[in-house]
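Visitor: You'll find start08.txt just under this line, and it carries compact mmCIF, C-alpha atoms and all ligand atoms.
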# COMPACT_ATOMS: atom_id res chain seq x y z
CA MET A 1 0.00 0.00 0.00
CA VAL A 2 1.25 3.48 -0.84
CA ILE A 3 1.47 5.63 2.28
CA THR A 4 -0.33 8.96 1.95
CA VAL A 5 -0.82 11.90 4.29
CA ASP A 6 -4.50 11.00 4.50
CA HIS A 7 -3.73 7.46 5.69
CA LEU A 8 -1.36 8.81 8.29
CA LEU A 9 -3.97 11.28 9.53
CA ASP A 10 -6.49 8.44 9.87
CA LYS A 11 -3.96 6.49 11.91
CA LEU A 12 -3.13 9.51 14.08
CA TYR A 13 -6.81 10.17 14.72
CA GLU A 14 -7.37 6.55 15.78
CA LYS A 15 -4.24 5.99 17.82
CA ASN A 16 -3.16 9.50 18.92
CA GLN A 17 0.36 8.52 17.98
CA LEU A 18 2.66 8.55 14.95
CA SER A 19 6.37 7.86 14.64
CA LYS A 20 8.91 10.60 14.08
CA GLU A 21 9.30 9.60 10.42
CA GLU A 22 5.54 9.58 9.87
CA LEU A 23 5.10 13.01 11.43
CA ILE A 24 7.91 14.42 9.29
CA TYR A 25 6.23 12.91 6.24
CA VAL A 26 2.97 14.66 7.18
CA LEU A 27 4.66 18.04 7.61
CA GLU A 28 6.57 17.70 4.33
CA ASN A 29 3.58 16.63 2.26
CA ILE A 30 0.41 18.08 3.76
CA HIS A 31 -1.77 19.97 1.23
CA GLU A 32 -4.99 21.97 1.47
CA ASP A 33 -7.39 19.02 1.28
CA SER A 34 -5.61 17.00 3.92
CA LYS A 35 -5.48 20.10 6.14
CA LYS A 36 -9.29 20.19 6.09
CA LYS A 37 -9.32 16.59 7.23
CA LEU A 38 -6.67 17.28 9.91
CA PHE A 39 -8.68 20.19 11.37
CA TYR A 40 -11.88 18.16 11.27
CA TYR A 41 -10.23 15.32 13.19
CA ALA A 42 -8.75 17.80 15.67
CA ARG A 43 -12.18 19.31 16.36
CA LYS A 44 -13.79 15.89 16.75
CA THR A 45 -11.09 14.80 19.17
CA ARG A 46 -11.47 17.96 21.27
CA ASP A 47 -15.27 17.69 21.25
CA GLY A 48 -14.99 14.10 22.50
CA TYR A 49 -13.31 15.31 25.70
CA TYR A 50 -14.68 18.81 26.25
CA GLY A 51 -17.61 19.34 23.85
CA ASN A 52 -17.78 22.60 21.92
CA LYS A 53 -16.94 24.65 25.01
CA VAL A 54 -14.22 27.27 25.13
CA PHE A 55 -12.73 27.95 28.56
CA MET A 56 -11.81 31.48 29.56
CA ARG A 57 -8.82 32.65 31.63
CA GLY A 58 -8.01 36.22 32.62
CA LEU A 59 -4.39 37.15 31.97
CA ILE A 60 -2.76 39.56 34.43
CA GLU A 61 0.66 40.69 33.18
CA PHE A 62 1.99 41.92 36.52
CA SER A 63 5.65 42.69 35.73
CA ASN A 64 7.62 43.06 32.51
CA ILE A 65 10.98 42.99 34.26
CA CYS A 66 13.02 39.98 33.19
CA LYS A 67 16.47 38.72 34.06
CA MET A 68 16.51 36.39 31.06
CA ASP A 69 17.75 37.37 27.62
CA CYS A 70 15.83 35.16 25.16
CA LEU A 71 16.72 36.28 21.66
CA TYR A 72 13.12 36.47 20.44
CA CYS A 73 11.48 38.35 23.30
CA GLY A 74 10.86 42.09 23.59
CA LEU A 75 11.12 41.86 27.39
CA ARG A 76 14.69 40.47 27.26
CA SER A 77 17.01 42.09 29.78
CA SER A 78 19.23 43.54 27.04
CA ASN A 79 16.36 45.61 25.64
CA ASN A 80 17.13 48.97 27.24
CA ASN A 81 14.33 50.67 25.35
CA ALA A 82 11.58 48.77 27.16
CA SER A 83 9.76 50.82 29.77
CA ARG A 84 9.59 48.56 32.81
CA TYR A 85 6.83 48.22 35.43
CA ARG A 86 5.73 46.13 38.38
CA LEU A 87 2.19 45.89 39.77
CA THR A 88 1.68 45.92 43.54
CA LYS A 89 -0.35 43.27 45.30
CA GLU A 90 -3.22 45.79 45.56
CA GLU A 91 -3.12 46.49 41.82
CA ILE A 92 -3.13 42.75 41.07
CA LEU A 93 -6.10 42.30 43.42
CA ASP A 94 -7.94 45.13 41.66
CA CYS A 95 -7.54 43.23 38.37
CA CYS A 96 -8.98 40.13 40.05
CA ILE A 97 -11.93 42.08 41.47
CA GLU A 98 -12.77 43.43 38.05
CA GLY A 99 -12.17 40.04 36.43
CA TYR A 100 -14.37 38.24 38.94
CA LYS A 101 -17.24 40.65 38.19
CA LEU A 102 -16.80 39.89 34.49
CA GLY A 103 -17.18 36.18 35.19
CA PHE A 104 -13.54 35.05 35.21
CA ARG A 105 -12.84 32.03 37.45
CA THR A 106 -9.20 31.55 36.45
CA PHE A 107 -6.54 34.21 36.85
CA VAL A 108 -3.23 33.73 35.09
CA LEU A 109 -0.48 35.69 36.83
CA GLN A 110 2.24 36.18 34.25
CA SER A 111 5.50 38.14 34.40
CA GLY A 112 9.05 38.18 33.18
CA GLU A 113 11.52 36.34 35.40
CA ASP A 114 11.49 39.07 38.03
CA PRO A 115 13.31 38.21 41.29
CA TRP A 116 11.65 41.13 43.12
CA TYR A 117 8.68 38.77 43.48
CA THR A 118 10.38 36.59 46.05
CA GLU A 119 8.88 33.38 47.38
CA ASP A 120 7.32 35.29 50.30
CA ARG A 121 5.85 38.02 48.12
CA MET A 122 4.36 35.50 45.67
CA VAL A 123 2.91 33.42 48.51
CA ASP A 124 1.32 36.56 49.94
CA ILE A 125 -0.21 37.48 46.56
CA ILE A 126 -1.52 33.93 45.97
CA LYS A 127 -3.01 33.68 49.49
CA SER A 128 -4.63 37.11 49.22
CA ILE A 129 -6.34 36.20 45.94
CA LYS A 130 -7.44 32.80 47.24
CA SER A 131 -8.86 34.17 50.49
CA LYS A 132 -10.90 36.76 48.59
CA PHE A 133 -11.97 34.37 45.82
CA PRO A 134 -11.88 30.77 47.09
CA ASP A 135 -13.65 29.50 43.98
CA VAL A 136 -11.08 30.68 41.43
CA ALA A 137 -8.12 28.82 39.98
CA ILE A 138 -4.74 30.54 40.01
CA THR A 139 -2.30 29.86 37.21
CA LEU A 140 1.28 31.05 37.57
CA SER A 141 3.48 31.86 34.59
CA ILE A 142 6.63 33.33 36.11
CA GLY A 143 9.39 31.15 34.73
CA GLU A 144 12.02 28.88 36.20
CA ARG A 145 12.21 28.74 40.02
CA GLU A 146 13.54 26.37 42.66
CA GLU A 147 11.54 23.26 43.53
CA GLU A 148 10.99 24.58 47.06
CA GLU A 149 9.42 27.75 45.70
CA TYR A 150 7.17 25.80 43.35
CA LYS A 151 6.05 23.77 46.39
CA SER A 152 5.33 26.87 48.50
CA PHE A 153 3.29 28.46 45.73
CA PHE A 154 1.30 25.24 45.35
CA HIS A 155 0.65 24.99 49.08
CA ALA A 156 -0.35 28.67 49.14
CA GLY A 157 -3.10 27.83 46.63
CA ALA A 158 -1.67 28.04 43.11
CA ASP A 159 -3.41 25.42 40.97
CA ARG A 160 -1.64 25.54 37.62
CA TYR A 161 1.69 26.53 36.15
CA LEU A 162 2.55 27.57 32.59
CA LEU A 163 6.13 27.15 31.48
CA ARG A 164 6.44 26.80 27.74
CA HIS A 165 9.35 24.61 26.74
CA GLU A 166 9.69 27.04 23.75
CA THR A 167 11.30 24.41 21.51
CA ALA A 168 12.12 20.77 22.17
CA SER A 169 15.19 20.95 19.94
CA ARG A 170 18.15 21.24 22.29
CA SER A 171 20.39 22.89 19.69
CA LEU A 172 17.76 25.48 18.74
CA TYR A 173 16.97 26.07 22.43
CA ASP A 174 20.63 26.73 23.15
CA LYS A 175 20.92 29.23 20.29
CA LEU A 176 17.89 31.20 21.45
CA HIS A 177 18.53 31.21 25.20
CA PRO A 178 21.93 32.54 26.26
CA HIS A 179 22.98 31.47 29.78
CA ALA A 180 19.95 29.21 30.13
CA SER A 181 19.74 25.44 30.44
CA PHE A 182 17.43 23.28 28.35
CA ASP A 183 17.76 20.48 30.91
CA ASN A 184 16.73 22.76 33.75
CA ARG A 185 13.63 23.93 31.90
CA ILE A 186 12.51 20.39 31.12
CA ASN A 187 13.26 19.40 34.69
CA CYS A 188 11.09 22.27 35.98
CA LEU A 189 8.17 20.91 33.97
CA LYS A 190 8.64 17.45 35.46
CA VAL A 191 8.94 18.83 39.01
CA LEU A 192 5.81 20.95 38.57
CA LYS A 193 3.87 17.88 37.47
CA GLU A 194 5.13 15.83 40.41
CA ILE A 195 4.10 18.54 42.87
CA GLY A 196 0.54 18.26 41.56
CA TYR A 197 0.06 21.35 39.41
CA GLN A 198 -1.92 21.26 36.21
CA VAL A 199 1.03 22.00 33.97
CA GLY A 200 1.26 23.87 30.71
CA ALA A 201 4.10 23.49 28.22
CA GLY A 202 4.21 24.92 24.72
CA PHE A 203 6.28 26.16 21.83
CA MET A 204 6.65 28.74 19.09
CA VAL A 205 6.27 28.01 15.38
CA GLY A 206 8.47 29.67 12.76
CA LEU A 207 11.55 30.33 14.87
CA PRO A 208 14.67 31.08 12.81
CA GLU A 209 16.24 27.86 11.51
CA GLN A 210 13.41 25.74 12.96
CA SER A 211 13.00 22.68 10.72
CA HIS A 212 10.13 20.23 10.31
CA GLU A 213 12.23 17.82 12.30
CA ASP A 214 12.44 20.33 15.17
CA LEU A 215 8.66 20.75 15.16
CA VAL A 216 8.23 16.99 15.23
CA GLU A 217 10.53 16.98 18.29
CA ASP A 218 7.97 19.28 19.94
CA LEU A 219 5.14 16.84 19.21
CA ILE A 220 7.08 13.85 20.47
CA PHE A 221 8.22 15.69 23.58
CA LEU A 222 4.64 16.76 24.36
CA LYS A 223 3.39 13.22 23.87
CA SER A 224 5.85 11.95 26.46
CA LEU A 225 5.40 14.80 28.96
CA ASN A 226 1.61 14.65 28.55
CA PRO A 227 0.97 18.10 30.03
CA HIS A 228 -2.50 19.40 30.90
CA MET A 229 -2.16 22.56 28.83
CA ILE A 230 -0.18 23.41 25.69
CA GLY A 231 0.29 26.96 24.39
CA ILE A 232 1.29 27.24 20.73
CA GLY A 233 1.83 30.47 18.86
CA PRO A 234 3.74 31.88 15.91
CA PHE A 235 7.08 33.54 16.60
CA ILE A 236 6.65 37.27 15.84
CA PRO A 237 9.85 39.32 15.43
CA HIS A 238 10.43 42.32 17.70
CA SER A 239 12.52 45.21 16.36
CA GLU A 240 14.47 45.67 19.62
CA THR A 241 15.84 42.11 19.58
CA PRO A 242 18.60 40.34 17.65
CA LEU A 243 15.86 38.58 15.64
CA ALA A 244 14.36 41.87 14.38
CA ASN A 245 14.81 40.88 10.74
CA ALA A 246 13.75 37.26 11.04
CA LYS A 247 10.73 36.05 9.11
CA GLY A 248 8.33 34.92 11.83
CA GLY A 249 5.79 32.10 11.91
CA THR A 250 2.69 31.90 9.71
CA VAL A 251 -0.95 31.31 10.59
CA GLU A 252 -1.04 28.27 8.30
CA ASP A 253 1.93 26.50 9.88
CA THR A 254 0.77 27.28 13.41
CA LEU A 255 -2.72 25.89 12.70
CA VAL A 256 -1.22 22.61 11.49
CA MET A 257 0.87 22.35 14.67
CA ILE A 258 -2.14 23.09 16.90
CA ALA A 259 -4.19 20.39 15.18
CA LEU A 260 -1.38 17.82 15.27
CA THR A 261 -0.84 18.59 18.96
CA ARG A 262 -4.55 18.06 19.62
CA LEU A 263 -4.31 14.62 18.02
CA MET A 264 -1.11 13.67 19.87
CA VAL A 265 -2.38 14.93 23.28
CA PRO A 266 -6.13 14.52 22.77
CA ASP A 267 -7.30 15.73 26.20
CA GLY A 268 -5.08 18.83 26.42
CA LEU A 269 -6.32 22.34 27.11
CA LEU A 270 -5.02 24.32 24.14
CA PRO A 271 -5.31 28.11 24.03
CA ALA A 272 -6.09 30.07 20.91
CA THR A 273 -3.20 32.40 21.66
CA THR A 274 -2.94 36.18 21.54
CA ALA A 275 -0.04 35.76 19.11
CA MET A 276 -2.42 34.03 16.68
CA GLY A 277 -4.86 36.92 17.05
CA SER A 278 -2.02 39.37 16.48
CA ILE A 279 -0.90 38.04 13.08
CA HIS A 280 -4.38 37.47 11.64
CA PRO A 281 -7.70 39.22 12.41
CA LYS A 282 -9.39 35.83 12.81
CA GLY A 283 -6.34 34.00 14.14
CA ARG A 284 -7.93 32.91 17.41
CA GLU A 285 -11.13 31.71 15.71
CA LEU A 286 -9.04 29.71 13.23
CA ALA A 287 -7.10 28.16 16.13
CA LEU A 288 -10.38 27.12 17.79
CA GLN A 289 -11.43 25.56 14.49
CA ALA A 290 -8.15 23.64 14.42
CA GLY A 291 -8.68 22.04 17.84
CA ALA A 292 -7.93 24.73 20.46
CA ASN A 293 -10.40 25.20 23.35
CA VAL A 294 -9.16 27.98 25.64
CA VAL A 295 -9.00 31.77 25.36
CA MET A 296 -7.01 34.08 27.58
CA PRO A 297 -8.31 37.64 27.28
CA ASN A 298 -6.24 40.35 28.89
CA LEU A 299 -7.14 41.62 32.39
CA SER A 300 -4.08 43.83 32.83
CA PRO A 301 -4.66 47.54 33.49
CA THR A 302 -4.81 49.35 30.13
CA SER A 303 -2.05 51.70 31.34
CA VAL A 304 0.57 48.91 31.38
CA ARG A 305 -0.63 46.81 28.44
CA PRO A 306 1.56 48.44 25.77
CA LYS A 307 4.60 47.78 27.97
CA TYR A 308 4.13 44.00 28.06
CA GLU A 309 5.50 43.80 24.57
CA LEU A 310 6.78 40.26 23.98
CA TYR A 311 6.37 41.05 20.26
CA GLU A 312 5.13 44.06 18.31
CA ASN A 313 1.59 44.69 17.04
CA LYS A 314 0.10 42.74 19.94
CA ILE A 315 -3.70 43.00 20.00
CA CYS A 316 -5.82 44.44 22.82
CA VAL A 317 -3.19 46.92 24.09
CA GLU A 318 -5.64 49.82 23.87
CA ASP A 319 -8.63 47.91 25.21
CA ASN A 320 -9.92 47.29 28.72
CA ALA A 321 -10.92 44.09 30.49
CA GLY A 322 -14.65 44.41 29.84
CA HIS A 323 -14.14 45.08 26.16
CA CYS A 324 -11.91 42.01 25.71
CA ARG A 325 -14.28 39.79 27.71
CA TYR A 326 -17.21 40.54 25.39
CA CYS A 327 -15.12 40.72 22.23
CA ILE A 328 -13.89 37.21 22.86
CA GLU A 329 -17.36 35.89 23.64
CA ASN A 330 -18.66 37.25 20.32
CA ARG A 331 -15.79 35.67 18.46
CA ILE A 332 -16.53 32.29 20.08
CA LYS A 333 -20.23 32.55 19.23
CA SER A 334 -19.41 33.55 15.65
CA ILE A 335 -17.94 30.09 15.03
CA GLY A 336 -20.74 28.19 16.77
CA MET A 337 -18.83 27.44 19.98
CA VAL A 338 -19.91 28.26 23.54
CA LEU A 339 -18.05 30.27 26.17
CA ASP A 340 -17.65 28.33 29.43
CA THR A 341 -16.99 30.57 32.43
CA SER A 342 -16.26 27.80 34.96
CA ARG A 343 -12.73 27.26 36.31
CA GLY A 344 -12.17 25.00 33.34
CA ASP A 345 -9.94 22.39 34.95
CA HIS A 346 -8.36 19.58 32.98
CA TRP A 347 -10.86 16.70 32.98
CA LYS A 348 -8.66 14.56 35.26
CA TYR A 349 -8.74 17.29 37.90
CA SER A 350 -12.49 17.91 37.58
CA GLN A 351 -13.09 14.19 38.21
CA ALA A 352 -10.78 14.13 41.21
CA LYS A 353 -12.83 16.90 42.79
CA ALA A 354 -16.16 15.23 42.08
CA LEU A 355 -15.12 12.00 43.82
N1 LIG B 1 6.80 36.03 19.44
C1 LIG B 1 5.89 35.10 19.83
N2 LIG B 1 5.83 34.62 21.09
C2 LIG B 1 6.73 35.09 21.97
N3 LIG B 1 6.93 34.78 23.26
C3 LIG B 1 7.95 35.54 23.72
N4 LIG B 1 8.43 36.32 22.73
C4 LIG B 1 7.68 36.06 21.63
C5 LIG B 1 7.71 36.52 20.29
N5 LIG B 1 8.59 37.44 19.89
C6 LIG B 1 6.18 33.74 23.97
C7 LIG B 1 7.12 32.71 24.60
C8 LIG B 1 6.81 32.84 26.08
C9 LIG B 1 5.40 33.40 26.08
C10 LIG B 1 5.01 34.11 27.33
O1 LIG B 1 5.41 34.30 25.00
O2 LIG B 1 6.76 31.41 24.13
O3 LIG B 1 6.88 31.63 26.79
FE1 LIG B 2 -9.24 42.18 23.40
FE2 LIG B 2 -10.86 41.44 21.27
S1 LIG B 2 -10.08 40.23 22.91
S2 LIG B 2 -10.15 43.47 21.87
Can I see the file as structure tokens?
Guide:
Amino acid sequence: MVITVDHLLDKLYEKNQLSKEELIYVLENIHEDSKKKLFYYARKTRDGYYGNKVFMRGLIEFSNICKMDCLYCGLRSSNNNASRYRLTKEEILDCCIEGYKLGFRTFVLQSGEDPWYTEDRMVDIIKSIKSKFPDVAITLSIGEREEEEYKSFFHAGADRYLLRHETASRSLYDKLHPHASFDNRINCLKVLKEIGYQVGAGFMVGLPEQSHEDLVEDLIFLKSLNPHMIGIGPFIPHSETPLANAKGGTVEDTLVMIALTRLMVPDGLLPATTAMGSIHPKGRELALQAGANVVMPNLSPTSVRPKYELYENKICVEDNAGHCRYCIENRIKSIGMVLDTSRGDHWKYSQAKAL
């Protein structure tokens, strides 16, 4: 029998697994018709676990100060033209109060790797949010920390942790992350899982020199880590970084990676990322139609939004929390999906609570 992309997609849909060679074959040979089939299978797989619901998280970007120097990121420490800010605990709580009124039951606290937020300060912030809003989930996205800190945050009430692996190709990782350790990052993800967090990994598509083989590494890595959440977005060049003149990822390539990820990790929570919305007016809707099932509208104060510039031309920087909340709901409705305003835990965690 002649192997075709369509046969391989059938196999992937049935078994949620393909070999490295098969995945490379798919990436090298996929065409428009087989993409339709891929997205259809991705939607069916998602619907089997979560229905046509889209879960909503409120993103609070509480500091853009970062000690890391990732080549792609506008917040990198070498970017002296970034205007830096930190939110106080009170300002973060104000975002939560507003978000709670708008129906958010998950707050994602994201920042650069900012050591000012020590273990004690983070614990205080987490406990303050949880005592005011016991029914919300807290997701942290603050980078690599010590195991002991991860444990304290968890015991203080943090439920989930996002730490994208960025790329599973060690050589590409090393080129993009000066003074950082690929092994440490992967180890952090394992430690976070062991502690009991719902863990999010993820990667960028269209990084300079990223090959199909590298992207297949991402899929195989995710299959073995089996995280609860997976954030995938296009790389978007930022003019104040060494990658200013790089090409950047495309909507088309990112959609294929989202759909393949859905089939490899069928029960994952996959956001339709802001980066997708930033390179295409319907980027987030397209991601949802390729198997994503989470949106993360911005809850940060409008005054700081333009400063959290991971990449340029980011959407929503002039908008406020209420606007984004309803904008996103309309977008979800426009493609026949339904906004779900519950905490939106991974199904394994929802079951554990019901028992
Ligand atoms: N383009 C797209 N995504 C980026 N990120 C950082 N810089 C960029 C960029 N220039 C992503 C990284 C990081 C997440 C918070 O944002 O994957 O983990
Ligand atoms: Fe922010 Fe649409 S989600 S303006």
Visitor: Can you work out which one of A:Pro237, A:Gly200, A:Gly58, A:Gly344 has the shortest atom-to-atom distance to ligand LIG 2 (chain B), counting only C-alpha atoms and all ligand atoms?
Guide: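 Answer, going by the shortest atom-to-atom distance: A:Gly58.
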Visitor: Neighbours of ligand LIG 1 (chain B) at 9 Å or closer, counting all atoms listed in the file: which residues, as a PDB file with C-alpha atoms, keeping the file's coordinate frame?
Guide:
ATOM      1  CA  CYS A  70      15.830  35.160  25.160  1.00  0.00           C
ATOM      2  CA  LEU A  71      16.720  36.280  21.660  1.00  0.00           C
ATOM      3  CA  TYR A  72      13.120  36.470  20.440  1.00  0.00           C
ATOM      4  CA  CYS A  73      11.480  38.350  23.300  1.00  0.00           C
ATOM      5  CA  GLY A  74      10.860  42.090  23.590  1.00  0.00           C
ATOM      6  CA  LEU A  75      11.120  41.860  27.390  1.00  0.00           C
ATOM      7  CA  ARG A  76      14.690  40.470  27.260  1.00  0.00           C
ATOM      8  CA  GLN A 110       2.240  36.180  34.250  1.00  0.00           C
ATOM      9  CA  SER A 111       5.500  38.140  34.400  1.00  0.00           C
ATOM     10  CA  GLY A 112       9.050  38.180  33.180  1.00  0.00           C
ATOM     11  CA  SER A 141       3.480  31.860  34.590  1.00  0.00           C
ATOM     12  CA  ILE A 142       6.630  33.330  36.110  1.00  0.00           C
ATOM     13  CA  GLY A 143       9.390  31.150  34.730  1.00  0.00           C
ATOM     14  CA  LEU A 162       2.550  27.570  32.590  1.00  0.00           C
ATOM     15  CA  LEU A 163       6.130  27.150  31.480  1.00  0.00           C
ATOM     16  CA  ARG A 164       6.440  26.800  27.740  1.00  0.00           C
ATOM     17  CA  HIS A 165       9.350  24.610  26.740  1.00  0.00           C
ATOM     18  CA  GLU A 166       9.690  27.040  23.750  1.00  0.00           C
ATOM     19  CA  THR A 167      11.300  24.410  21.510  1.00  0.00           C
ATOM     20  CA  ALA A 201       4.100  23.490  28.220  1.00  0.00           C
ATOM     21  CA  GLY A 202       4.210  24.920  24.720  1.00  0.00           C
ATOM     22  CA  PHE A 203       6.280  26.160  21.830  1.00  0.00           C
ATOM     23  CA  MET A 204       6.650  28.740  19.090  1.00  0.00           C
ATOM     24  CA  VAL A 205       6.270  28.010  15.380  1.00  0.00           C
ATOM     25  CA  LEU A 207      11.550  30.330  14.870  1.00  0.00           C
ATOM     26  CA  GLY A 231       0.290  26.960  24.390  1.00  0.00           C
ATOM     27  CA  ILE A 232       1.290  27.240  20.730  1.00  0.00           C
ATOM     28  CA  GLY A 233       1.830  30.470  18.860  1.00  0.00           C
ATOM     29  CA  PRO A 234       3.740  31.880  15.910  1.00  0.00           C
ATOM     30  CA  PHE A 235       7.080  33.540  16.600  1.00  0.00           C
ATOM     31  CA  ILE A 236       6.650  37.270  15.840  1.00  0.00           C
ATOM     32  CA  PRO A 237       9.850  39.320  15.430  1.00  0.00           C
ATOM     33  CA  HIS A 238      10.430  42.320  17.700  1.00  0.00           C
ATOM     34  CA  THR A 241      15.840  42.110  19.580  1.00  0.00           C
ATOM     35  CA  LEU A 243      15.860  38.580  15.640  1.00  0.00           C
ATOM     36  CA  GLY A 248       8.330  34.920  11.830  1.00  0.00           C
ATOM     37  CA  GLY A 249       5.790  32.100  11.910  1.00  0.00           C
ATOM     38  CA  THR A 274      -2.940  36.180  21.540  1.00  0.00           C
ATOM     39  CA  ALA A 275      -0.040  35.760  19.110  1.00  0.00           C
ATOM     40  CA  MET A 276      -2.420  34.030  16.680  1.00  0.00           C
ATOM     41  CA  GLU A 309       5.500  43.800  24.570  1.00  0.00           C
ATOM     42  CA  LEU A 310       6.780  40.260  23.980  1.00  0.00           C
ATOM     43  CA  TYR A 311       6.370  41.050  20.260  1.00  0.00           C
ATOM     44  CA  GLU A 312       5.130  44.060  18.310  1.00  0.00           C
TER      45      GLU A 312
END
Visitor: As number ranges by chain, please: every protein or nucleic acid residue near ligand LIG 2 (chain B) (cut-off 12 Å, counting only C-alpha atoms and all ligand atoms).
Guide: A: 56-59, 272-278, 281-285, 295-300, 302, 305, 314-332
Visitor: Suppose you want the space between atom CA of Met1 of chain A and atom CA of Val26 of chain A; what is it in Å?
Guide: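 Separating atom CA of Met1 of chain A from atom CA of Val26 of chain A is a distance of 16.6 Å.
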Visitor: Up to 10 Å from (14.2, 46.3, 27.9) in the file's coordinates: name the residues, counting all atoms listed in the file, as a CSV table (one decimal) with C-alpha atoms, keeping the file's coordinate frame.
Guide:
chain,number,residue,atom,x,y,z
A,64,ASN,CA,7.6,43.1,32.5
A,65,ILE,CA,11.0,43.0,34.3
A,66,CYS,CA,13.0,40.0,33.2
A,69,ASP,CA,17.8,37.4,27.6
A,73,CYS,CA,11.5,38.4,23.3
A,74,GLY,CA,10.9,42.1,23.6
A,75,LEU,CA,11.1,41.9,27.4
A,76,ARG,CA,14.7,40.5,27.3
A,77,SER,CA,17.0,42.1,29.8
A,78,SER,CA,19.2,43.5,27.0
A,79,ASN,CA,16.4,45.6,25.6
A,80,ASN,CA,17.1,49.0,27.2
A,81,ASN,CA,14.3,50.7,25.4
A,82,ALA,CA,11.6,48.8,27.2
A,83,SER,CA,9.8,50.8,29.8
A,84,ARG,CA,9.6,48.6,32.8
A,240,GLU,CA,14.5,45.7,19.6
A,241,THR,CA,15.8,42.1,19.6
A,307,LYS,CA,4.6,47.8,28.0
A,309,GLU,CA,5.5,43.8,24.6
Visitor: From the options A:Arg121, A:Leu93, A:Tyr100, A:Ala259, which residue's atoms come nearest to Ser34 of chain A, counting only C-alpha atoms?
Guide: A:Ala259
Visitor: Out of A:Met337, A:His179, A:Val5, A:Lys53, which residue has the shortest atom-to-atom distance to Glu28 of chain A when counting all atoms listed in the file?
Guide: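 The closest residue to Glu28 of chain A is A:Val5.
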Visitor: So, with all atoms listed in the file as the atoms that count, which of A:Tyr49, A:Phe154, A:Phe55, A:Phe104 lies closest to Asp267 of chain A?
Guide: A:Tyr49
Visitor: When you draw a straight line from atom CA of Leu269 of chain A to atom CA of His228 of chain A, how long is it in Å?
Guide: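 Distance between the two atoms: 6.1 Å.
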Visitor: So what do you get for atom CA of Leu38 of chain A versus atom CA of Glu252 of chain A, distance-wise?
Guide: 12.5 Å
Visitor: Here is a test: counting only C-alpha atoms, which residue of A:Val2, A:Val304, A:Leu339, A:Leu8 is nearest to Val54 of chain A?
Guide: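 Smallest separation from Val54 of chain A among the options: A:Leu339.
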Visitor: Which is closer to Pro271 of chain A than all the others in A:Val251, A:Val294, A:Val256, A:Cys96, using all atoms listed in the file?
Guide: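 Among the listed residues, A:Val294 lies closest to Pro271 of chain A.
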Visitor: Can you find the residues with an atom no farther than 10 Å from (-5.8, 18.4, 19.7), counting all atoms listed in the file, and report them as JSON, numbers by chain?
Guide: {"A": [13, 16, 38, 39, 41, 42, 43, 44, 45, 46, 47, 230, 257, 258, 259, 260, 261, 262, 263, 264, 265, 266, 267, 268, 269, 270, 290, 291, 292, 293]}
Visitor: How big is the axis-aligned box around the listed atoms of segment 207-220 of chain A once 4 Å is added on each side, and where is its centre? Give both in Å to one decimal, as lines of an AutoDock Vina configuration file.
Guide:
center_x = 10.7
center_y = 22.5
center_z = 15.4
size_x = 19.1
size_y = 25.2
size_z = 18.2
Visitor: Identify, on the basis of all atoms listed in the file, every residue whose closest approach to Leu192 of chain A does not exceed 12 Å; exclude the query and any residue fewer than 3 positions from it along the same chain; express the result as a ChimeraX atom specification.
Guide: /A:140-141,143-154,158-163,185-189,195-201,225,227-228
